[in-house]
Amino acid sequence: MNTAATLGEASWYAVSTRSRQEKVAASMLESFGIENFLPLAMERRQWSDRKQMVNVPLFPGYLFVRIPMLREPQLRVLKVPGVVRFIGNHAGPQAIPEAEIEGIQTVLSHRIPCIPCSIPKVGERVRIFRGVLAGIEGTLVRSGSDSNLVISVETIQQSIAIHVDASDVESAFCPSPAVFAGVTPTLSAEHGF
């Protein structure tokens, strides 16, 4: 477990939900005062008589809670109708790095079109170094002449992909050109989440 979790500080954790119960569980968590994040995306659904845009979970079957990993808050989450379990390993729930959650929140807050996808097996880890998404890291994936950045939540093995201009990304393992100019790209947390 990470240091924040051991010290009782709040960290993000993924919880699995019953099928199609993500919104109900998020609403109940909110009513109990438990900070949560349910990434939603607009999707066109077609019924026999009409088409309609609806909000659907970006990662079906999962939502995120931010709690200290102490017994009492963990039990409060597990008692919420629709919540099945925390995602983790034999040692217990696995904390999700803040940057992974912030990356998804940033993409959604700027209404950048994205699609859920599984974590790619190959590809280079890259960082966006200019624009509203400067500082976000992910895996660069190419499909023909298109470049996409895949932002992953490793704990639940789920990702979202956004279209990026290949000239706006650099290797995540080398210093950003902005660092040499005396400016370090940062990810703002002021998105209202």
# chains A, B, ... in the order shown; residues from 1 in each chain; ligands from 1

$ select_by_dssp --residues "range 4-147 of chain A" --states "strand (DSSP E or B)" --output "ChimeraX atom specification"
/A:10-17,36-37,40-46,51-57,62-68,83-86,88-89,92-93,95-96,115-117,124-128,137-143,146-147

$ write_last_selection --atoms "C-alpha atoms" --output "mmCIF file, in the first residue's frame"
data_model
loop_
_atom_site.group_PDB
_atom_site.id
_atom_site.type_symbol
_atom_site.label_atom_id
_atom_site.label_comp_id
_atom_site.auth_asym_id
_atom_site.auth_seq_id
_atom_site.Cartn_x
_atom_site.Cartn_y
_atom_site.Cartn_z
ATOM 1 C CA ALA A 10 -7.457 10.030 1.922
ATOM 2 C CA SER A 11 -6.545 8.252 -1.320
ATOM 3 C CA TRP A 12 -8.549 7.181 -4.353
ATOM 4 C CA TYR A 13 -9.726 3.563 -4.548
ATOM 5 C CA ALA A 14 -11.748 1.744 -7.187
ATOM 6 C CA VAL A 15 -14.839 -0.197 -6.171
ATOM 7 C CA SER A 16 -16.770 -2.591 -8.340
ATOM 8 C CA THR A 17 -20.532 -2.289 -8.510
ATOM 9 C CA ASN A 36 -16.640 9.721 -5.104
ATOM 10 C CA PHE A 37 -16.028 10.040 -8.830
ATOM 11 C CA LEU A 40 -19.660 9.534 -17.354
ATOM 12 C CA ALA A 41 -19.743 9.930 -21.120
ATOM 13 C CA MET A 42 -22.548 10.917 -23.473
ATOM 14 C CA GLU A 43 -23.600 8.108 -25.780
ATOM 15 C CA ARG A 44 -26.288 7.937 -28.426
ATOM 16 C CA ARG A 45 -28.767 5.166 -27.658
ATOM 17 C CA GLN A 46 -31.415 3.976 -30.050
ATOM 18 C CA LYS A 51 -32.662 8.109 -30.552
ATOM 19 C CA GLN A 52 -31.438 9.854 -27.450
ATOM 20 C CA MET A 53 -28.146 10.990 -25.897
ATOM 21 C CA VAL A 54 -27.664 9.477 -22.430
ATOM 22 C CA ASN A 55 -24.943 9.640 -19.773
ATOM 23 C CA VAL A 56 -23.327 6.232 -19.359
ATOM 24 C CA PRO A 57 -20.455 5.157 -17.092
ATOM 25 C CA TYR A 62 -16.617 0.670 -11.481
ATOM 26 C CA LEU A 63 -16.549 3.948 -9.614
ATOM 27 C CA PHE A 64 -13.942 5.642 -7.451
ATOM 28 C CA VAL A 65 -14.037 6.687 -3.803
ATOM 29 C CA ARG A 66 -11.623 8.915 -1.931
ATOM 30 C CA ILE A 67 -11.291 7.790 1.657
ATOM 31 C CA PRO A 68 -8.615 7.076 4.235
ATOM 32 C CA VAL A 83 -21.146 -1.578 -4.133
ATOM 33 C CA VAL A 84 -19.660 -5.079 -4.360
ATOM 34 C CA ARG A 85 -16.014 -4.803 -3.302
ATOM 35 C CA PHE A 86 -12.819 -2.777 -3.357
ATOM 36 C CA GLY A 88 -6.996 -4.662 -4.961
ATOM 37 C CA ASN A 89 -4.862 -7.691 -4.282
ATOM 38 C CA GLY A 92 -6.176 -5.309 0.416
ATOM 39 C CA PRO A 93 -7.564 -2.397 -1.613
ATOM 40 C CA ALA A 95 -4.746 2.999 -3.908
ATOM 41 C CA ILE A 96 -4.947 4.721 -7.296
ATOM 42 C CA ILE A 115 -13.741 6.298 -25.679
ATOM 43 C CA PRO A 116 -13.077 3.544 -23.137
ATOM 44 C CA CYS A 117 -10.508 0.976 -24.167
ATOM 45 C CA GLU A 124 5.442 4.355 -25.523
ATOM 46 C CA ARG A 125 4.576 6.271 -22.369
ATOM 47 C CA VAL A 126 4.141 9.900 -23.433
ATOM 48 C CA ARG A 127 3.280 13.290 -21.933
ATOM 49 C CA ILE A 128 1.287 16.110 -23.539
ATOM 50 C CA GLU A 137 0.649 11.240 -19.342
ATOM 51 C CA GLY A 138 -0.510 8.144 -21.125
ATOM 52 C CA THR A 139 0.428 5.644 -23.803
ATOM 53 C CA LEU A 140 0.674 6.744 -27.420
ATOM 54 C CA VAL A 141 -1.220 4.461 -29.765
ATOM 55 C CA ARG A 142 -1.293 4.831 -33.529
ATOM 56 C CA SER A 143 -3.995 3.563 -35.831
ATOM 57 C CA ASP A 146 -4.244 8.837 -36.328
ATOM 58 C CA SER A 147 -2.541 9.276 -32.955
#

$ select_by_dssp --residues "range 28-183 of chain A" --states "helix (DSSP H, G or I)" --output "CSV table (one decimal) with C-alpha atoms, in the first residue's frame"
chain,number,residue,atom,x,y,z
A,28,MET,CA,-25.8,6.9,-2.2
A,29,LEU,CA,-22.1,7.5,-1.5
A,30,GLU,CA,-22.8,11.2,-2.1
A,31,SER,CA,-25.7,11.2,0.3
A,71,ARG,CA,-11.7,0.1,8.7
A,72,GLU,CA,-14.7,2.4,9.4
A,73,PRO,CA,-14.7,4.4,6.1
A,74,GLN,CA,-14.1,1.2,4.2
A,75,LEU,CA,-17.1,-0.5,5.9
A,76,ARG,CA,-19.3,2.5,5.2
A,77,VAL,CA,-18.5,2.2,1.4
A,78,LEU,CA,-19.1,-1.5,1.4
A,98,GLU,CA,-3.9,10.9,-7.8
A,99,ALA,CA,-2.5,11.7,-11.3
A,100,GLU,CA,-4.5,8.9,-13.0
A,101,ILE,CA,-7.8,10.2,-11.6
A,102,GLU,CA,-6.9,13.9,-12.3
A,103,GLY,CA,-6.0,12.9,-15.9
A,104,ILE,CA,-9.5,11.5,-16.5
A,105,GLN,CA,-11.2,14.4,-14.7
A,106,THR,CA,-9.2,16.9,-16.8
A,107,VAL,CA,-10.3,15.2,-20.1
A,108,LEU,CA,-13.9,15.1,-19.0
A,109,SER,CA,-14.0,18.7,-17.7
A,154,GLU,CA,-4.1,0.4,-13.9
A,155,THR,CA,-6.0,-0.9,-10.8
A,156,ILE,CA,-9.2,-1.7,-12.8
A,166,ALA,CA,1.6,13.6,-32.4
A,167,SER,CA,3.5,16.9,-32.4
A,168,ASP,CA,2.0,17.8,-29.0
A,177,PRO,CA,10.9,21.4,-23.6
A,178,ALA,CA,8.9,23.7,-21.3
A,179,VAL,CA,11.3,22.8,-18.4
A,180,PHE,CA,14.1,24.2,-20.4

$ atom_distance --atom1 "CA of Arg50 in chain A" --atom2 "CA of Leu38 in chain A"
26.7 Å

$ closest_residue --among "A:Pro113, A:Gly61, A:Pro97, A:Gly135" --to "Ser152 in chain A" --atoms "only C-alpha atoms"
A:Pro97

$ closest_residue --among "A:Pro60, A:Pro81, A:Gly8, A:Gly33" --to "Ser159 in chain A" --atoms "only C-alpha atoms"
A:Pro60
